[in-house]
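start-v9.tsv (TSV, C-alpha atoms (C1' of nucleotides)) appears below.
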chain	number	residue	atom	x	y	z
A	1	MET	CA	-2.23	-16.12	25.53
A	2	ALA	CA	-0.09	-13.52	24.01
A	3	ASN	CA	-1.30	-12.13	20.80
A	4	GLU	CA	0.25	-14.08	18.03
A	5	LYS	CA	0.69	-11.51	15.35
A	6	PRO	CA	2.06	-12.33	11.92
A	7	ASN	CA	5.71	-11.46	11.57
A	8	TYR	CA	5.26	-9.62	8.35
A	9	TYR	CA	3.12	-7.05	10.11
A	10	GLN	CA	5.94	-6.34	12.51
A	11	GLN	CA	8.39	-6.20	9.66
A	12	VAL	CA	6.30	-3.66	7.81
A	13	TYR	CA	6.11	-1.54	10.94
A	14	ASP	CA	9.84	-1.81	11.42
A	15	VAL	CA	10.70	-0.85	7.86
A	16	THR	CA	8.23	2.02	7.84
A	17	ARG	CA	9.63	3.23	11.13
A	18	GLN	CA	13.09	3.30	9.59
A	19	ILE	CA	12.07	5.86	7.02
A	20	PRO	CA	14.15	8.95	7.80
A	21	TYR	CA	12.73	12.41	8.29
A	22	GLY	CA	11.77	14.14	5.08
A	23	LYS	CA	11.78	10.88	3.13
A	24	VAL	CA	9.04	8.73	1.69
A	25	SER	CA	8.76	5.17	0.48
A	26	THR	CA	6.37	3.11	-1.59
A	27	TYR	CA	4.24	0.05	-0.88
A	28	GLY	CA	5.84	-1.85	-3.73
A	29	ALA	CA	9.36	-1.17	-2.47
A	30	ILE	CA	8.53	-2.37	1.02
A	31	ALA	CA	6.60	-5.36	-0.27
A	32	ASN	CA	9.48	-6.26	-2.54
A	33	PHE	CA	11.98	-5.86	0.25
A	34	LEU	CA	9.97	-8.04	2.64
A	35	GLU	CA	9.12	-10.35	-0.25
A	36	LEU	CA	5.47	-10.12	0.65
A	37	GLY	CA	4.63	-10.59	-2.99
A	38	SER	CA	1.87	-8.04	-2.79
A	39	ALA	CA	1.94	-4.34	-2.10
A	40	ARG	CA	-1.57	-4.70	-0.69
A	41	MET	CA	-0.18	-6.52	2.32
A	42	VAL	CA	1.81	-3.43	3.21
A	43	GLY	CA	-1.31	-1.33	3.14
A	44	TRP	CA	-3.21	-3.87	5.20
A	45	ALA	CA	-0.49	-3.94	7.81
A	46	LEU	CA	-0.35	-0.17	8.02
A	47	ASN	CA	-4.11	-0.02	8.28
A	48	LYS	CA	-3.94	-2.28	11.29
A	49	SER	CA	-1.18	-0.15	12.72
A	50	PHE	CA	-3.73	2.63	13.23
A	51	SER	CA	-6.03	0.46	15.28
A	52	GLY	CA	-3.25	-1.58	16.80
A	53	GLY	CA	-1.15	1.44	17.60
A	54	ASP	CA	1.57	-0.93	18.74
A	55	ALA	CA	4.14	1.48	17.46
A	56	ALA	CA	4.13	4.94	16.06
A	57	VAL	CA	4.37	4.02	12.43
A	58	PRO	CA	4.87	7.01	10.16
A	59	ALA	CA	2.45	5.64	7.64
A	60	HIS	CA	2.17	9.13	6.19
A	61	ARG	CA	5.63	8.57	4.71
A	62	VAL	CA	4.39	5.67	2.64
A	63	VAL	CA	2.85	6.43	-0.71
A	64	ASN	CA	1.97	4.48	-3.79
A	65	ARG	CA	4.07	3.94	-6.90
A	66	LYS	CA	2.90	7.21	-8.39
A	67	GLY	CA	3.89	9.14	-5.29
A	68	GLU	CA	0.25	9.82	-4.64
A	69	LEU	CA	-1.05	9.93	-1.08
A	70	SER	CA	-3.48	7.15	-1.75
A	71	GLY	CA	-3.70	6.32	1.95
A	72	ARG	CA	-4.68	9.80	3.05
A	73	ILE	CA	-8.32	8.73	3.16
A	74	HIS	CA	-7.55	6.33	6.00
A	75	PHE	CA	-6.09	9.02	8.19
A	76	PRO	CA	-8.13	10.75	10.89
A	77	SER	CA	-8.16	13.64	8.50
A	78	PRO	CA	-7.41	13.45	4.79
A	79	THR	CA	-5.32	16.57	5.05
A	80	MET	CA	-3.31	15.33	8.00
A	81	MET	CA	-1.09	13.16	5.81
A	82	GLN	CA	-0.30	16.04	3.49
A	83	GLN	CA	0.30	18.39	6.40
A	84	LEU	CA	2.72	15.97	8.02
A	85	LEU	CA	4.68	15.48	4.81
A	86	GLU	CA	4.81	19.19	4.10
A	87	ASN	CA	5.93	19.70	7.67
A	88	GLU	CA	8.87	17.42	6.93
A	89	GLY	CA	9.85	19.42	3.90
A	90	VAL	CA	8.13	17.24	1.34
A	91	ILE	CA	6.32	19.18	-1.32
A	92	ILE	CA	2.82	17.90	-1.87
A	93	GLU	CA	0.65	19.05	-4.70
A	94	ASN	CA	-2.70	17.63	-5.71
A	95	HIS	CA	-2.17	14.91	-3.10
A	96	THR	CA	0.97	13.88	-4.98
A	97	VAL	CA	4.61	14.05	-3.86
A	98	GLN	CA	6.67	16.41	-5.97
A	99	ASN	CA	10.28	15.42	-6.66
A	100	PHE	CA	9.19	12.00	-5.55
A	101	ASN	CA	12.39	10.46	-6.85
A	102	GLN	CA	14.32	12.86	-4.67
A	103	HIS	CA	12.38	12.01	-1.54
A	104	PHE	CA	12.13	8.33	-2.34
A	105	TRP	CA	13.77	6.12	0.25
A	106	ASP	CA	14.54	2.53	-0.57
A	107	PRO	CA	14.64	0.02	2.34
A	108	THR	CA	17.23	-2.04	0.54
A	109	GLU	CA	19.60	0.91	0.64
A	110	ASN	CA	19.20	1.26	4.38
A	111	ILE	CA	19.73	-2.40	5.04
B	1	DT	C1'	-17.45	-21.64	5.38
B	2	DC	C1'	-17.69	-18.75	1.49
B	3	DT	C1'	-17.67	-14.20	-0.55
B	4	DT	C1'	-16.14	-9.43	-1.10
B	5	DT	C1'	-13.14	-5.84	-0.34
B	6	DG	C1'	-8.71	-3.73	0.19
B	7	DA	C1'	-3.38	2.27	1.97
B	8	DC	C1'	-1.03	-1.62	-5.06
B	9	DG	C1'	1.38	-3.08	-9.04
B	10	DT	C1'	2.09	-4.96	-13.47
B	11	DA	C1'	0.50	-6.65	-17.96
B	12	DC	C1'	-2.03	-6.48	-21.95
B	13	DA	C1'	-5.34	-4.37	-25.56
C	1	DG	C1'	-0.27	7.14	-24.10
C	2	DT	C1'	-4.56	5.61	-22.01
C	3	DG	C1'	-7.85	2.25	-20.25
C	4	DT	C1'	-9.11	-2.17	-18.52
C	5	DA	C1'	-8.16	-6.62	-16.30
C	6	DC	C1'	-5.80	-9.59	-13.40
C	7	DG	C1'	-2.82	-11.05	-9.58
C	8	DC	C1'	-1.24	-10.94	-4.50
C	9	DC	C1'	-2.64	-12.52	0.25
C	10	DA	C1'	-5.23	-11.51	4.23
C	11	DA	C1'	-9.17	-10.15	7.05
C	12	DA	C1'	-13.94	-8.77	7.92
C	13	DG	C1'	-18.93	-9.70	6.99
Spell out the structure here as structure tokens.
Amino acid sequence: MANEKPNYYQQVYDVTRQIPYGKVSTYGAIANFLELGSARMVGWALNKSFSGGDAAVPAHRVVNRKGELSGRIHFPSPTMMQQLLENEGVIIENHTVQNFNQHFWDPTENI
DNA sequence: TCTTTGACGTACA
DNA sequence: GTGTACGCCAAAG
């Protein structure tokens, strides 16, 4: 049988994939947009995306409410997330996104 | 089957 | 302004 995956996982992947280059989003914003009710679900879904690898999900563009790269520890290399963001023009300092408000991308604005 | 943890966020003291 | 506690829902042990 085909893998019956929860829809919300796919939705999280889709929303995360829609994040434009040089932009970042937050777990709370995505959770609120998908009405998951919990930002943790977004993190769980993204965590699975690494193993699942169903789609190239730019999880490095998703940060917490504080703009901190809380998920960097789940990456192959903790510095990889920062390197990717800096490569996109996002300033990272102390594992935190500078000018976060400027780089913040809201899914509701895209939809 | 039950318990604990988990890429967060908000509320209250 | 800072620190602690709780809530959300799901998955792995």
Quick check: residues of chain A within 8 Å of chain B, only C-alpha atoms (C1' of nucleotides), returned as a PyMOL selection string. chain A and resi 27-28+38-40+42-44+46-47+63-65+70-72+74
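For the pair CA of Thr16 (chain A) and C1' of DG13 (chain C), the interatomic distance is 29.6 Å.
Nearest to Thr26 (chain A) of all the residues A:Ile111, A:Ile73, A:Val97, A:Leu84 is A:Val97, based on all atoms listed in the file.
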Could you tell me which residues of chain C sit within 12 Å of chain A when counting all atoms listed in the file, and give me the result as an MDAnalysis selection string? chainID C and resid 7:11
What is the distance between CA of Phe104 (chain A) and CA of Glu68 (chain A), in Å to one decimal?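 Going from CA of Phe104 (chain A) over to CA of Glu68 (chain A) covers 12.2 Å.
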Might you pull out every residue within 7 Å of Val24 (chain A), with only C-alpha atoms (C1' of nucleotides) counted and same-chain residues fewer than 2 positions away left off, and present them as JSON, numbers by chain? {"A": [19, 22, 61, 62, 103, 104, 105]}
Expected file contents, prior selection, C-alpha atoms, as a JSON list (two decimals), in the coordinates of the input:
[["chain", "number", "residue", "atom", "x", "y", "z"],
["A", 19, "ILE", "CA", 12.07, 5.86, 7.02],
["A", 22, "GLY", "CA", 11.77, 14.14, 5.08],
["A", 61, "ARG", "CA", 5.63, 8.57, 4.71],
["A", 62, "VAL", "CA", 4.39, 5.67, 2.64],
["A", 103, "HIS", "CA", 12.38, 12.01, -1.54],
["A", 104, "PHE", "CA", 12.13, 8.33, -2.34],
["A", 105, "TRP", "CA", 13.77, 6.12, 0.25]]
Provide the CA of Ile92 (chain A) to C1' of DG3 (chain C) distance in Å, to one decimal place.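 Taking CA of Ile92 (chain A) and C1' of DG3 (chain C), their separation equals 26.4 Å.
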Measuring atom to atom with only C-alpha atoms, identify which of A:Met81, A:Arg17, A:Gly67, A:Ala55 is nearest to Asn99 (chain A).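 Looking at the shortest contact to Asn99 (chain A), the residue is A:Gly67.
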